[in-house]
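Enquirer: I have a structure I would like to understand better, so I am pasting it below and will then ask my questions one at a time.
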Amino acid sequence: MDKEVSIATALSSGSGRRFALGWRRREQLTPYLFLLPCAVALTVVYFYPIFEAIKTSFESNDISPGGASLVGFKNYSTIIHSKYFYQALEISALYTIGNVVLVWIFGLSGALLVHGEFAGRWFFRCVLILPWAVPYVATALIWSWMFSYEFGVLRYLTAEVAGVAPDFLNRNPYALMSVTGVSVWKAFPLGMVMLLAGLQSIPKEQYEAAVVDGAGPISQFIHVTLPGLKTISIFLMLLIGIWSFGRAFTIVYVLTSGGPARGTETVVIQAYHEVFRFFHPGTGAALATIILTISLVFSAIYLAILYRSEE
Amino acid sequence: MSSISKARFNRALFWLSLLIASTIAVFPVYWMVITSLQTTEEVFAFPPNFLPDIKIENYLSVLTETDLPLWMRNSLVVSLSSTALALLVGTPAAFALSRLRYRGRAVFSLLILTTQMIPTLVLIIPLFQIFVQLGIRDSLLGLVLGNFAFTLPVVVWMMKSMLDGVPQEIEQAARVDGASWFQIMLYITGPLVLPGLAATTIYAFLDAWDEYMLARTTITSPENWVASIGISSFVGQYLTPLNIVMAASVLFSLPPIILFLLIQRQFVAGLSAGAVKG
């Protein structure tokens, strides 16, 4: 692999052939020894559970030990004949698109603001990253208090500023907008950090060339900044999309538990309720398998772009 | 003259935008803190009081009248144990991914990345059943194992990107002197990535500190509650006054916020490197 290493190998093989072979074999095994504990852990907690979840999705909803029997695609057919499934898919789609678009917009705005040189730049970077450091549960609690219809500060502010006082969490469609907003507040620092890295990787010469061509700030933004951020934006959007669709749980669950009237019931919340509230492990696992499949399709796109961009 | 006033206008616009953005980012945290410092009557005043007098009595109440100290202790036990396990298992794997050449390397890094795309719920349903069979469902041990596994891929990935940034010349010199990879990892590369290791440790700790879904589904006994479950139990319960609830969430958020600001620079570098370059 490296010149020095091959010299070392040559030197040690000079000192005795049997020793050299043993040394070399041990060296070949080293990577696998380093990886073994990690591989075992990933198998036990990721790959075996996925196999189990898929298996459960083909079993009946019997929670007595050993009581579940194979039912084929029955759970899947229950799901695709339920109107609530399509409603949850729609809510998940709206929540996901909302997160993707808004995290990108706010992330980009934040990145543009703290990108340049100015006094206190580091301080403002810390300030804008703060939501990322607040735990999910605390985030949900704070916003639940601010959203409170009777005494919440947000109702007071919206009434003062806009003259309307929406019941943020107990009326549709406000509830979905509210949980999306809170998720965006928590996630936009990630977008900001990624897009900031993207901004810093755009060569200065491109801006200079644009200025020579007589481009103003807006034209520079459209013709230099946006194209320069294309790849990183695709990654950010896919990542936020995959996470919002398949992994987002705590904020929505703590704020609304999927209500009011299923108005914020994403597919994840629905699957969670199926298993842990209605005790339908089969149906829940089938729903989870559907979520997994959709997530993996988008992950495949993400990884394909990632590996292509590395070449 | 007009170009000067235009520059001035742009500057004003810039600071105004920065001020608005900072307010949006900080206001909820500010609101949590000031709510926690008011009496119950002041909290329910309408219109709300934006600059109240400060009283710290709520913090005494939350420490003596709620089970928060117990929950925080459980969270600490779970987070520290799972972090230690994840680092112990994840660091050698990261070293192998960053430094060594072997068959199956690309597949392994692909698998690590894929774990981050898998919906957590898909894992929770079978983990719940597995925990029941092992008899560790309602225990901190189950949470330690679960959080260890949830953070392991991120630990591997962050450590790998930190290791990628460390020059390899010294290692090669050590190889010439006949050092094994294990010795190199421990005595040569290890000390060089200590800042990265600190950032990764804190990330794994925060992730476990903040974990909600697994704890919520598996833990039933109140003495085994972790802080994320304990604090969320206040929502919609109306028994605990809101100033006490907010004091509890301040105490729960304080360790993450302090740790996060401490390691912000490395953390952001490591994470964006991982996210951007894969």
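By order of appearance in the structure tokens: chains A, B, ..., then residues from 1 within every chain, and ligands from 1 in the order shown.
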Extract the full set of helix (DSSP H, G or I) residues from range 57-226 of chain A according to DSSP on the backbone, and format it as a PyMOL selection string.
Expert: chain A and resi 74-80+83-115+121-133+136-146+153-162+174-200+204-212+217-226
Enquirer: Sort by chain and increasing residue number a table of all residues of chain A within 7 Å of chain B, each with its closest pair of atoms and their distance in Å to one decimal, counting only C-alpha atoms, and write it as a Markdown table.
Expert:
```
| residue | atom | partner | partner_atom | distance |
| --- | --- | --- | --- | --- |
| A:Glu4 | CA | B:Val176 | CA | 6.4 |
| A:Val5 | CA | B:Val176 | CA | 6.3 |
| A:Ala8 | CA | B:Val176 | CA | 4.9 |
| A:Pro31 | CA | B:Ala96 | CA | 5.3 |
| A:Phe34 | CA | B:Pro92 | CA | 4.9 |
| A:Leu35 | CA | B:Ala93 | CA | 4.6 |
| A:Pro37 | CA | B:Val89 | CA | 5.9 |
| A:Cys38 | CA | B:Val89 | CA | 5.6 |
| A:Ala41 | CA | B:Ala149 | CA | 6.6 |
| A:Leu42 | CA | B:Ala149 | CA | 6.9 |
| A:Val45 | CA | B:Ala149 | CA | 6.2 |
| A:Tyr46 | CA | B:Leu123 | CA | 6.6 |
| A:Pro49 | CA | B:Pro126 | CA | 5.3 |
| A:Ile50 | CA | B:Leu123 | CA | 6.3 |
| A:Glu52 | CA | B:Pro126 | CA | 6.0 |
| A:Ala53 | CA | B:Pro126 | CA | 5.8 |
| A:Leu113 | CA | B:Leu18 | CA | 6.5 |
| A:Val127 | CA | B:Ser22 | CA | 6.2 |
| A:Leu128 | CA | B:Ala25 | CA | 5.7 |
| A:Leu130 | CA | B:Ala25 | CA | 6.7 |
| A:Pro131 | CA | B:Ala25 | CA | 6.1 |
| A:Ala133 | CA | B:Ile257 | CA | 5.1 |
| A:Val134 | CA | B:Ser253 | CA | 5.9 |
| A:Pro135 | CA | B:Asp210 | CA | 5.6 |
| A:Tyr136 | CA | B:Asp210 | CA | 6.4 |
| A:Val137 | CA | B:Ser228 | CA | 6.0 |
| A:Ala138 | CA | B:Ser249 | CA | 5.5 |
| A:Leu141 | CA | B:Val235 | CA | 6.9 |
| A:Ile142 | CA | B:Met32 | CA | 5.9 |
| A:Phe151 | CA | B:Phe44 | CA | 6.0 |
| A:Val153 | CA | B:Pro48 | CA | 6.4 |
| A:Tyr156 | CA | B:Pro47 | CA | 6.7 |
| A:Val193 | CA | B:Ser272 | CA | 6.9 |
| A:Met194 | CA | B:Ser272 | CA | 5.7 |
| A:Ile232 | CA | B:Val276 | CA | 6.7 |
| A:Ile242 | CA | B:Met117 | CA | 6.5 |
| A:Trp243 | CA | B:Met117 | CA | 6.9 |
| A:Gly246 | CA | B:Pro119 | CA | 4.7 |
| A:Arg247 | CA | B:Pro119 | CA | 4.8 |
| A:Thr250 | CA | B:Tyr212 | CA | 6.5 |
| A:Val254 | CA | B:Ser232 | CA | 6.8 |
| A:Ala288 | CA | B:Val122 | CA | 5.4 |
| A:Thr289 | CA | B:Val122 | CA | 6.9 |
| A:Leu292 | CA | B:Pro119 | CA | 6.1 |
| A:Ser295 | CA | B:Met117 | CA | 6.7 |
| A:Ser299 | CA | B:Met117 | CA | 6.4 |
| A:Leu306 | CA | B:Gly278 | CA | 6.9 |
```
Enquirer: Near Ser178 in chain A, counting only C-alpha atoms, which residues have an atom at most 12 Å away, once you skip same-chain residues fewer than 5 positions from it, shown as a ChimeraX atom specification?
Expert: /A:95,98-99,140,143-144,146-148,154,166-173,183-185,251-252,255-256,263-264
Enquirer: Just to confirm, what's the straight-line distance from CA of Trp225 in chain B to CA of Ser79 in chain B in Å (one decimal)?
Expert: 13.2 Å
Enquirer: If you measure from CA of Ser61 in chain B to CA of Ser75 in chain B, what distance in Å do you get, rounded to one decimal?
Expert: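 Calculated distance between CA of Ser61 in chain B and CA of Ser75 in chain B is 20.1 Å.
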Enquirer: Would you kindly return, as a tab-separated table (two decimals) with N, CA and C atoms, in the first residue's frame, each protein, DNA or RNA residue with an atom no farther than 8 Å from any atom of range 63-66 of chain A, considering only C-alpha atoms and excluding same-chain residues fewer than 3 positions away?
Expert:
```
chain	number	residue	atom	x	y	z
A	279	PHE	N	-52.25	-2.72	20.39
A	279	PHE	CA	-51.65	-4.07	20.48
A	279	PHE	C	-51.90	-4.91	19.23
A	280	HIS	N	-51.63	-4.32	18.08
A	280	HIS	CA	-51.68	-5.04	16.80
A	280	HIS	C	-50.26	-5.12	16.24
A	281	PRO	N	-49.40	-5.98	16.80
A	281	PRO	CA	-48.01	-6.01	16.32
A	281	PRO	C	-47.90	-6.34	14.84
```
Enquirer: Please provide as an NGL selection string all residues within 12 Å of Val103 in chain A, with the sequence filter that same-chain residues fewer than 2 positions apart are discarded (counting only C-alpha atoms).
Expert: :A and (95-101 or 105-111 or 180-195 or 233 or 236-241 or 244)
